[in-house]
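> So here's start-v9.pdb, just PDB, C-alpha atoms and all ligand atoms:
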ATOM      1  CA  MET A1422      76.521 112.169 114.640
ATOM      2  CA  PHE A1423      80.073 111.319 113.576
ATOM      3  CA  VAL A1424      80.689 108.175 111.553
ATOM      4  CA  LEU A1425      84.152 106.624 111.800
ATOM      5  CA  ALA A1426      85.099 103.709 109.543
ATOM      6  CA  HIS A1427      87.869 101.361 110.658
ATOM      7  CA  LEU A1428      89.768  99.003 108.408
ATOM      8  CA  SER A1429      93.112  97.297 108.732
ATOM      9  CA  ASP A1430      95.648  94.721 107.589
ATOM     10  CA  TRP A1431      95.424  94.986 103.823
ATOM     11  CA  HIS A1432      98.695  93.049 103.322
ATOM     12  CA  LEU A1433      99.157  94.347  99.783
ATOM     13  CA  ALA A1434     101.904  92.238  98.219
ATOM     14  CA  SER A1435     104.210  92.812  95.273
ATOM     15  CA  GLN A1436     106.716  90.505  93.636
ATOM     16  CA  PRO A1437     110.089  91.158  95.299
ATOM     17  CA  ARG A1438     113.335  91.385  93.359
ATOM     18  CA  LEU A1439     115.853  88.690  94.227
ATOM     19  CA  ALA A1440     118.117  91.195  96.000
ATOM     20  CA  GLU A1441     115.243  92.106  98.305
ATOM     21  CA  LEU A1442     114.836  88.578  99.625
ATOM     22  CA  ALA A1443     117.676  88.526 102.148
ATOM     23  CA  GLY A1444     116.916  87.742 105.792
ATOM     24  CA  LYS A1445     113.424  88.158 107.172
ATOM     25  CA  ARG A1446     111.925  89.137 103.823
ATOM     26  CA  GLY A1447     112.993  85.800 102.346
ATOM     27  CA  LEU A1448     111.146  83.877 105.043
ATOM     28  CA  GLY A1449     108.161  86.186 104.691
ATOM     29  CA  PHE A1450     108.094  85.633 100.941
ATOM     30  CA  ILE A1451     108.121  81.846 101.358
ATOM     31  CA  ASN A1452     105.228  82.134 103.794
ATOM     32  CA  TRP A1453     103.408  84.373 101.316
ATOM     33  CA  GLN A1454     103.916  81.999  98.373
ATOM     34  CA  ARG A1455     102.927  78.904 100.332
ATOM     35  CA  LYS A1456      99.954  80.252 102.212
ATOM     36  CA  ARG A1457      99.088  83.883 102.590
ATOM     37  CA  LYS A1458      98.694  84.847  98.942
ATOM     38  CA  TYR A1459      95.619  82.632  98.869
ATOM     39  CA  ILE A1460      94.232  84.441 101.933
ATOM     40  CA  HIS A1461      94.878  88.129 101.198
ATOM     41  CA  ARG A1462      93.396  88.979  97.819
ATOM     42  CA  PRO A1463      93.303  92.323  95.992
ATOM     43  CA  ASP A1464      89.779  91.688  94.628
ATOM     44  CA  VAL A1465      88.466  91.212  98.179
ATOM     45  CA  LEU A1466      90.163  94.407  99.343
ATOM     46  CA  ASP A1467      88.663  96.255  96.364
ATOM     47  CA  ALA A1468      85.163  95.046  97.322
ATOM     48  CA  ILE A1469      85.668  96.214 100.905
ATOM     49  CA  ILE A1470      86.998  99.601  99.803
ATOM     50  CA  ARG A1471      84.085 100.091  97.395
ATOM     51  CA  ASP A1472      81.684  99.352 100.247
ATOM     52  CA  VAL A1473      83.454 101.805 102.567
ATOM     53  CA  GLN A1474      83.128 104.455  99.858
ATOM     54  CA  THR A1475      79.322 104.057  99.831
ATOM     55  CA  GLN A1476      79.038 104.700 103.590
ATOM     56  CA  ALA A1477      79.901 108.409 103.520
ATOM     57  CA  ALA A1478      81.920 108.110 106.731
ATOM     58  CA  ASP A1479      83.158 111.350 108.274
ATOM     59  CA  HIS A1480      86.563 109.808 108.811
ATOM     60  CA  ILE A1481      88.403 106.585 107.985
ATOM     61  CA  ALA A1482      91.058 104.953 110.187
ATOM     62  CA  VAL A1483      93.487 102.378 108.792
ATOM     63  CA  THR A1484      95.410 100.601 111.548
ATOM     64  CA  GLY A1485      98.463  99.160 109.889
ATOM     65  CA  ASP A1486      99.879  96.283 107.880
ATOM     66  CA  LEU A1487      98.817  97.998 104.666
ATOM     67  CA  VAL A1488     101.709  96.198 102.970
ATOM     68  CA  ASN A1489     103.285  92.773 103.250
ATOM     69  CA  LEU A1490     107.090  92.845 102.919
ATOM     70  CA  SER A1491     107.635  96.636 103.005
ATOM     71  CA  LEU A1492     108.635  96.821  99.328
ATOM     72  CA  ALA A1493     108.676 100.166  97.502
ATOM     73  CA  ASP A1494     105.995  99.042  95.052
ATOM     74  CA  GLU A1495     103.745  97.911  97.914
ATOM     75  CA  TYR A1496     103.997 101.300  99.668
ATOM     76  CA  ALA A1497     103.162 103.090  96.428
ATOM     77  CA  ARG A1498     100.116 100.890  95.748
ATOM     78  CA  ALA A1499      98.889 101.337  99.320
ATOM     79  CA  GLY A1500      99.296 105.100  98.905
ATOM     80  CA  ALA A1501      97.187 105.037  95.745
ATOM     81  CA  LEU A1502      94.463 103.064  97.550
ATOM     82  CA  LEU A1503      94.523 105.495 100.474
ATOM     83  CA  ALA A1504      93.889 108.297  97.991
ATOM     84  CA  THR A1505      90.753 106.504  96.783
ATOM     85  CA  LEU A1506      89.446 106.493 100.364
ATOM     86  CA  GLY A1507      89.831 110.210 100.884
ATOM     87  CA  THR A1508      92.204 113.096 101.441
ATOM     88  CA  PRO A1509      94.779 112.946 104.255
ATOM     89  CA  ARG A1510      92.442 115.223 106.232
ATOM     90  CA  ASP A1511      89.773 112.528 106.303
ATOM     91  CA  VAL A1512      91.913 109.392 106.478
ATOM     92  CA  THR A1513      94.281 108.503 109.329
ATOM     93  CA  VAL A1514      96.941 105.789 109.162
ATOM     94  CA  VAL A1515      99.012 104.140 111.863
ATOM     95  CA  PRO A1516     101.765 101.683 110.860
ATOM     96  CA  GLY A1517     101.911  97.979 111.687
ATOM     97  CA  ASN A1518     104.779  95.514 111.903
ATOM     98  CA  HIS A1519     104.546  94.601 108.189
ATOM     99  CA  ASP A1520     104.899  98.294 107.300
ATOM    100  CA  VAL A1521     108.387  98.300 108.847
ATOM    101  CA  TYR A1522     109.288  94.732 108.049
ATOM    102  CA  VAL A1523     113.052  95.265 108.109
ATOM    103  CA  ARG A1524     115.267  97.953 109.601
ATOM    104  CA  ALA A1525     116.176  99.544 106.262
ATOM    105  CA  VAL A1526     112.579 100.706 105.720
ATOM    106  CA  GLU A1527     111.915 102.259 109.128
ATOM    107  CA  GLN A1528     111.289 105.678 107.545
ATOM    108  CA  SER A1529     109.312 104.413 104.548
ATOM    109  CA  PRO A1530     105.758 104.642 105.964
ATOM    110  CA  ALA A1531     106.387 108.317 106.730
ATOM    111  CA  ALA A1532     107.955 108.846 103.305
ATOM    112  CA  TYR A1533     104.982 107.386 101.418
ATOM    113  CA  TRP A1534     102.021 108.041 103.730
ATOM    114  CA  GLY A1535     103.283 110.867 105.926
ATOM    115  CA  ASP A1536     100.322 113.146 105.185
ATOM    116  CA  TYR A1537      97.987 110.507 106.646
ATOM    117  CA  MET A1538     100.163 110.110 109.737
ATOM    118  CA  ARG A1539     100.425 113.657 111.030
ATOM    119  CA  GLY A1540      98.482 115.482 113.736
ATOM    120  CA  ASP A1541      96.734 118.833 113.522
ATOM    121  CA  ASP A1542      99.967 120.457 114.751
ATOM    122  CA  GLY A1543     101.748 119.271 111.599
ATOM    123  CA  VAL A1544     104.584 117.657 113.566
ATOM    124  CA  ASP A1545     105.857 114.199 112.571
ATOM    125  CA  ARG A1546     105.696 112.146 115.749
ATOM    126  CA  PHE A1547     103.575 109.625 117.612
ATOM    127  CA  PRO A1548     101.209 109.825 119.267
ATOM    128  CA  PHE A1549      99.572 112.453 117.106
ATOM    129  CA  VAL A1550      96.137 113.946 117.601
ATOM    130  CA  ARG A1551      93.503 114.908 115.080
ATOM    131  CA  ARG A1552      90.373 116.632 116.328
ATOM    132  CA  ARG A1553      87.329 116.221 114.144
ATOM    133  CA  GLY A1554      84.144 117.637 115.680
ATOM    134  CA  ASN A1555      83.631 116.063 119.108
ATOM    135  CA  VAL A1556      86.062 113.285 118.266
ATOM    136  CA  ALA A1557      89.776 113.250 119.091
ATOM    137  CA  LEU A1558      91.731 110.625 117.172
ATOM    138  CA  VAL A1559      94.867 109.614 119.070
ATOM    139  CA  ALA A1560      97.254 107.677 116.837
ATOM    140  CA  LEU A1561     100.020 105.414 118.162
ATOM    141  CA  SER A1562     102.812 103.584 116.382
ATOM    142  CA  THR A1563     103.753 100.059 117.436
ATOM    143  CA  GLY A1564     105.544  99.285 114.188
ATOM    144  CA  VAL A1565     109.141  98.331 114.933
ATOM    145  CA  PRO A1566     111.402  96.044 112.871
ATOM    146  CA  THR A1567     111.757  92.625 114.521
ATOM    147  CA  GLY A1568     113.671  89.416 113.880
ATOM    148  CA  PRO A1569     112.474  86.396 111.884
ATOM    149  CA  PHE A1570     109.330  84.641 113.196
ATOM    150  CA  MET A1571     108.518  87.686 115.327
ATOM    151  CA  ALA A1572     105.629  90.095 114.872
ATOM    152  CA  THR A1573     105.809  91.980 118.130
ATOM    153  CA  GLY A1574     105.158  95.680 118.526
ATOM    154  CA  ARG A1575     106.417  98.268 120.953
ATOM    155  CA  LEU A1576     105.340 101.751 122.005
ATOM    156  CA  GLY A1577     108.279 102.756 124.189
ATOM    157  CA  ARG A1578     108.431 105.050 127.196
ATOM    158  CA  ARG A1579     108.439 108.322 125.284
ATOM    159  CA  GLN A1580     105.256 107.505 123.383
ATOM    160  CA  LEU A1581     103.518 106.198 126.515
ATOM    161  CA  ASP A1582     104.395 109.357 128.471
ATOM    162  CA  ARG A1583     103.130 111.572 125.679
ATOM    163  CA  LEU A1584      99.992 109.447 125.386
ATOM    164  CA  ALA A1585      99.196 110.192 129.026
ATOM    165  CA  ASP A1586      99.499 113.937 128.317
ATOM    166  CA  VAL A1587      97.466 113.730 125.127
ATOM    167  CA  LEU A1588      94.618 111.790 126.754
ATOM    168  CA  GLN A1589      94.549 114.390 129.503
ATOM    169  CA  GLN A1590      94.485 117.290 127.018
ATOM    170  CA  THR A1591      91.656 115.738 124.980
ATOM    171  CA  ARG A1592      89.376 114.953 127.920
ATOM    172  CA  GLY A1593      85.814 115.936 127.099
ATOM    173  CA  SER A1594      86.182 114.801 123.497
ATOM    174  CA  PHE A1595      85.301 111.293 122.369
ATOM    175  CA  ARG A1596      88.856 109.929 122.436
ATOM    176  CA  VAL A1597      89.579 107.160 119.949
ATOM    177  CA  VAL A1598      92.970 105.475 120.330
ATOM    178  CA  LEU A1599      94.259 103.991 117.054
ATOM    179  CA  ILE A1600      96.900 101.276 117.322
ATOM    180  CA  HIS A1601      97.962  98.290 115.232
ATOM    181  CA  HIS A1602      98.644  95.722 117.962
ATOM    182  CA  PRO A1603      95.925  94.679 120.418
ATOM    183  CA  PRO A1604      96.242  95.934 124.018
ATOM    184  CA  ARG A1605      95.998  92.364 125.275
ATOM    185  CA  SER A1606      97.122  89.107 123.604
ATOM    186  CA  PRO A1607      96.609  85.453 124.523
ATOM    187  CA  LEU A1608      99.746  83.473 125.413
ATOM    188  CA  LYS A1609      99.689  81.624 122.085
ATOM    189  CA  ARG A1610     100.366  84.945 120.363
ATOM    190  CA  TYR A1611     103.338  85.741 122.603
ATOM    191  CA  LEU A1612     105.683  86.288 119.626
ATOM    192  CA  ARG A1613     103.123  88.617 118.077
ATOM    193  CA  ARG A1614     102.215  90.632 121.142
ATOM    194  CA  LEU A1615     102.635  94.269 122.024
ATOM    195  CA  THR A1616     105.583  93.991 124.386
ATOM    196  CA  ASP A1617     104.567  96.963 126.521
ATOM    197  CA  ALA A1618     100.819  96.274 126.491
ATOM    198  CA  ALA A1619     100.653  96.294 130.302
ATOM    199  CA  GLU A1620     102.116  99.821 130.358
ATOM    200  CA  LEU A1621      99.572 100.920 127.728
ATOM    201  CA  ARG A1622      96.705  99.483 129.781
ATOM    202  CA  ARG A1623      98.014 101.362 132.821
ATOM    203  CA  VAL A1624      98.024 104.698 130.955
ATOM    204  CA  LEU A1625      94.476 104.031 129.722
ATOM    205  CA  ALA A1626      93.344 103.089 133.238
ATOM    206  CA  ASP A1627      94.792 106.330 134.622
ATOM    207  CA  HIS A1628      93.739 108.768 131.902
ATOM    208  CA  GLY A1629      90.829 107.131 130.068
ATOM    209  CA  ALA A1630      89.685 106.902 126.465
ATOM    210  CA  GLU A1631      86.270 106.312 124.981
ATOM    211  CA  LEU A1632      87.289 103.706 122.391
ATOM    212  CA  LEU A1633      90.387 101.829 121.201
ATOM    213  CA  LEU A1634      90.635 100.382 117.695
ATOM    214  CA  HIS A1635      93.246  97.864 116.589
ATOM    215  CA  GLY A1636      94.098  95.330 113.862
ATOM    216  CA  HIS A1637      96.930  92.748 113.695
ATOM    217  CA  ASP A1638      94.974  89.649 114.770
ATOM    218  CA  HIS A1639      92.786  89.578 111.626
ATOM    219  CA  ARG A1640      89.682  88.840 113.662
ATOM    220  CA  ARG A1641      86.738  90.669 115.120
ATOM    221  CA  ALA A1642      87.240  91.089 118.845
ATOM    222  CA  LEU A1643      85.869  93.175 121.670
ATOM    223  CA  VAL A1644      87.482  93.371 125.087
ATOM    224  CA  TRP A1645      86.740  95.864 127.844
ATOM    225  CA  LEU A1646      89.761  97.567 129.376
ATOM    226  CA  ASP A1647      89.796  99.314 132.737
ATOM    227  CA  GLY A1648      89.354 103.068 132.611
ATOM    228  CA  PRO A1649      89.523 105.568 135.467
ATOM    229  CA  GLY A1650      87.034 105.305 138.344
ATOM    230  CA  GLY A1651      85.584 101.930 137.448
ATOM    231  CA  THR A1652      84.752 102.915 133.860
ATOM    232  CA  LYS A1653      85.395 100.512 131.011
ATOM    233  CA  ILE A1654      86.974 101.203 127.607
ATOM    234  CA  PRO A1655      85.877  99.083 124.634
ATOM    235  CA  ALA A1656      88.846  97.804 122.603
ATOM    236  CA  VAL A1657      87.684  96.579 119.211
ATOM    237  CA  GLY A1658      89.750  94.493 116.804
ATOM    238  CA  VAL A1659      88.808  94.410 113.130
ATOM    239  CA  PRO A1660      89.348  91.568 110.625
ATOM    240  CA  SER A1661      91.771  92.006 107.754
ATOM    241  CA  ALA A1662      90.168  93.924 104.886
ATOM    242  CA  SER A1663      91.566  91.500 102.311
ATOM    243  CA  ALA A1664      91.088  87.973 103.731
ATOM    244  CA  ALA A1665      89.205  85.889 101.170
ATOM    245  CA  ALA A1666      87.723  83.533 103.764
ATOM    246  CA  PRO A1667      88.047  82.553 107.435
ATOM    247  CA  HIS A1668      91.337  80.755 107.991
ATOM    248  CA  GLY A1669      93.027  79.239 111.048
ATOM    249  CA  GLY A1670      91.248  81.348 113.651
ATOM    250  CA  GLU A1671      91.219  84.452 111.448
ATOM    251  CA  ASP A1672      87.998  85.953 110.103
ATOM    252  CA  GLY A1673      87.120  86.645 106.493
ATOM    253  CA  ALA A1674      87.418  90.231 105.298
ATOM    254  CA  GLY A1675      85.423  92.912 107.010
ATOM    255  CA  TYR A1676      85.469  96.375 108.472
ATOM    256  CA  HIS A1677      83.643  98.364 111.121
ATOM    257  CA  LEU A1678      81.651 101.572 111.341
ATOM    258  CA  PHE A1679      81.231 103.511 114.574
ATOM    259  CA  ARG A1680      78.334 105.949 114.873
ATOM    260  CA  ILE A1681      79.312 108.371 117.626
ATOM    261  CA  ASP A1682      76.789 110.732 119.128
ATOM    262  CA  GLY A1683      76.168 112.723 122.299
ATOM    263  CA  GLU A1684      78.552 114.580 124.564
ATOM    264  CA  ALA A1685      80.955 113.984 127.438
ATOM    265  CA  ALA A1686      79.478 111.733 130.158
ATOM    266  CA  SER A1687      76.631 110.683 127.871
ATOM    267  CA  TRP A1688      78.304 109.414 124.712
ATOM    268  CA  ARG A1689      76.541 106.940 122.495
ATOM    269  CA  CYS A1690      78.561 104.703 120.218
ATOM    270  CA  GLU A1691      77.041 102.124 117.928
ATOM    271  CA  MET A1692      79.301  99.609 116.205
ATOM    272  CA  ILE A1693      78.338  98.114 112.861
ATOM    273  CA  ALA A1694      80.326  95.222 111.376
ATOM    274  CA  ARG A1695      80.232  94.692 107.617
ATOM    275  CA  GLN A1696      81.668  91.557 106.112
ATOM    276  CA  HIS A1697      82.724  90.259 102.718
ATOM    277  CA  MET A1698      80.538  87.313 101.683
ATOM    278  CA  SER A1699      81.339  84.313  99.513
ATOM    279  CA  ASP A1700      79.151  85.778  96.736
ATOM    280  CA  GLY A1701      81.460  88.816  96.610
ATOM    281  CA  GLY A1702      79.008  91.188  98.300
ATOM    282  CA  VAL A1703      79.642  93.083 101.531
ATOM    283  CA  ARG A1704      76.867  93.049 104.105
ATOM    284  CA  GLU A1705      76.116  94.042 107.674
ATOM    285  CA  VAL A1706      76.576  91.117 110.069
ATOM    286  CA  LEU A1707      76.485  92.809 113.468
ATOM    287  CA  ARG A1708      75.176  95.978 115.098
ATOM    288  CA  GLN A1709      75.673  96.679 118.776
ATOM    289  CA  ASN A1710      75.925  99.538 121.237
ATOM    290  CA  LEU A1711      79.271  99.913 122.987
TER     291      LEU A1711
HETATM  292 FE    FE B1801     100.330  92.964 112.184
END
Can you present the structure in this file as structure tokens?

Amino acid sequence: MFVLAHLSDWHLASQPRLAELAGKRGLGFINWQRKRKYIHRPDVLDAIIRDVQTQAADHIAVTGDLVNLSLADEYARAGALLATLGTPRDVTVVPGNHDVYVRAVEQSPAAYWGDYMRGDDGVDRFPFVRRRGNVALVALSTGVPTGPFMATGRLGRRQLDRLADVLQQTRGSFRVVLIHHPPRSPLKRYLRRLTDAAELRRVLADHGAELLLHGHDHRRALVWLDGPGGTKIPAVGVPSASAAAPHGGEDGAGYHLFRIDGEAASWRCEMIARQHMSDGGVREVLRQNL
């Protein structure tokens, strides 16, 4: 039995200096002050992280948007929180759009959290692979700087080609694809979509995976993607780990546990959703086999 915890979208925010508020960050800061600072709360994130720590998971995946405006102080605080979850061996991070909010910080996630974003081969590149027991974690990066009012992500041809190879090489393991953006978005989230989602779905349909985990939408979601030979791949979205309450189609804070057992062709995977409650506690709200 391998227990994988999945959390995402912490949106840790720090007070920016005036000089940091040019361009997209300025708009993001206004949005934060008017609205989002009431949604994403450090005390809620702390409660979720404390609950994760009691679960004795074998591994923890964090799928992006750890920070809000990609400020140095935010990266440092996120790094300190990652350290409370576990060592880089037991915690895997993939970046989200808020982790590379503007072009100047494109290298910052790697600079602050690089040890959590590196495969067993030690090379800095996406996708990277970490094998833990029967599980192969396949980590993708969709975090690219975008213009104002945009929150799109992109994998690019090189990453997609390598993903095909990696999924082939890890066949027989329980392959878990980690990605910030969802592999399919409704039209109303067009400006927040993964621009090459169709290409990703094609690679998954050709080469297969046992599970895909994503964040970005701040809501619990399960869709079934096509795998090879009529198989289906569960793609599970997790709520933000810091959202104080449900808001505008987004869920309150929560995270997921996946209990993975069995072997190739007869895997068992049970999903458990735990959610932050209005009384401050974190409790199980859903348990289902995938
Ligand atoms: Fe996001």
> If we count only C-alpha atoms, what is near His1637 in chain A at a cut-off of 12 Å, once residues fewer than 2 positions away on the same chain are taken out, given as a ChimeraX atom specification?
/A:1428-1432,1483-1487,1515-1520,1563-1564,1572-1574,1600-1606,1610,1613-1615,1634-1635,1639-1642,1657-1662,1671-1672
> For ligand FE 1801 (chain B), which residue among A:Ala1585, A:Leu1490, A:Leu1503, A:Ile1681 is the nearest when counting all atoms listed in the file?
A:Leu1490
> Measuring between only C-alpha atoms, which one of A:His1427, A:Arg1471, A:Lys1456, A:Arg1622 shows the shortest distance to His1697 in chain A?
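The shortest atom-to-atom distance to His1697 in chain A comes from A:Arg1471.
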> With the PyMOL selection byres (((chain A and resi 1467) around 12) and not hetatm) as the selection, what would be picked from this file? Answer as a ChimeraX atom specification, please.
/A:1431,1433,1461-1466,1468-1474,1499,1502-1503,1505-1506,1662-1665,1674-1675,1697,1701-1703
> Write to file, as a PDB file, in the coordinates of the input, the residues of the selection just made, with C-alpha atoms.

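And here's out.pdb as it stands now:
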ATOM      1  CA  TRP A1431      95.424  94.986 103.823  1.00  0.00           C
ATOM      2  CA  LEU A1433      99.157  94.347  99.783  1.00  0.00           C
ATOM      3  CA  HIS A1461      94.878  88.129 101.198  1.00  0.00           C
ATOM      4  CA  ARG A1462      93.396  88.979  97.819  1.00  0.00           C
ATOM      5  CA  PRO A1463      93.303  92.323  95.992  1.00  0.00           C
ATOM      6  CA  ASP A1464      89.779  91.688  94.628  1.00  0.00           C
ATOM      7  CA  VAL A1465      88.466  91.212  98.179  1.00  0.00           C
ATOM      8  CA  LEU A1466      90.163  94.407  99.343  1.00  0.00           C
ATOM      9  CA  ALA A1468      85.163  95.046  97.322  1.00  0.00           C
ATOM     10  CA  ILE A1469      85.668  96.214 100.905  1.00  0.00           C
ATOM     11  CA  ILE A1470      86.998  99.601  99.803  1.00  0.00           C
ATOM     12  CA  ARG A1471      84.085 100.091  97.395  1.00  0.00           C
ATOM     13  CA  ASP A1472      81.684  99.352 100.247  1.00  0.00           C
ATOM     14  CA  VAL A1473      83.454 101.805 102.567  1.00  0.00           C
ATOM     15  CA  GLN A1474      83.128 104.455  99.858  1.00  0.00           C
ATOM     16  CA  ALA A1499      98.889 101.337  99.320  1.00  0.00           C
ATOM     17  CA  LEU A1502      94.463 103.064  97.550  1.00  0.00           C
ATOM     18  CA  LEU A1503      94.523 105.495 100.474  1.00  0.00           C
ATOM     19  CA  THR A1505      90.753 106.504  96.783  1.00  0.00           C
ATOM     20  CA  LEU A1506      89.446 106.493 100.364  1.00  0.00           C
ATOM     21  CA  ALA A1662      90.168  93.924 104.886  1.00  0.00           C
ATOM     22  CA  SER A1663      91.566  91.500 102.311  1.00  0.00           C
ATOM     23  CA  ALA A1664      91.088  87.973 103.731  1.00  0.00           C
ATOM     24  CA  ALA A1665      89.205  85.889 101.170  1.00  0.00           C
ATOM     25  CA  ALA A1674      87.418  90.231 105.298  1.00  0.00           C
ATOM     26  CA  GLY A1675      85.423  92.912 107.010  1.00  0.00           C
ATOM     27  CA  HIS A1697      82.724  90.259 102.718  1.00  0.00           C
ATOM     28  CA  GLY A1701      81.460  88.816  96.610  1.00  0.00           C
ATOM     29  CA  GLY A1702      79.008  91.188  98.300  1.00  0.00           C
ATOM     30  CA  VAL A1703      79.642  93.083 101.531  1.00  0.00           C
TER      31      VAL A1703
END
> Compare A:Met1571, A:Leu1588, A:Val1598, A:Ala1426 by their minimum atom-to-atom distance to Thr1475 in chain A, counting only C-alpha atoms, and give me the closest one.
A:Ala1426
> Can you pull out every residue within 7 Å of range 1524-1541 of chain A, counting only C-alpha atoms, but drop anything in the same chain fewer than 3 positions away, and send it as a list in words?
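What passes the distance filter is Ser1491, Tyr1496, Ala1497, Gly1500, Pro1509, Val1512, Thr1513, Val1514, Val1515, Pro1516, Asp1520, Val1521, Val1544, Asp1545, Phe1549, Val1550, Arg1551 and Pro1566 of chain A.
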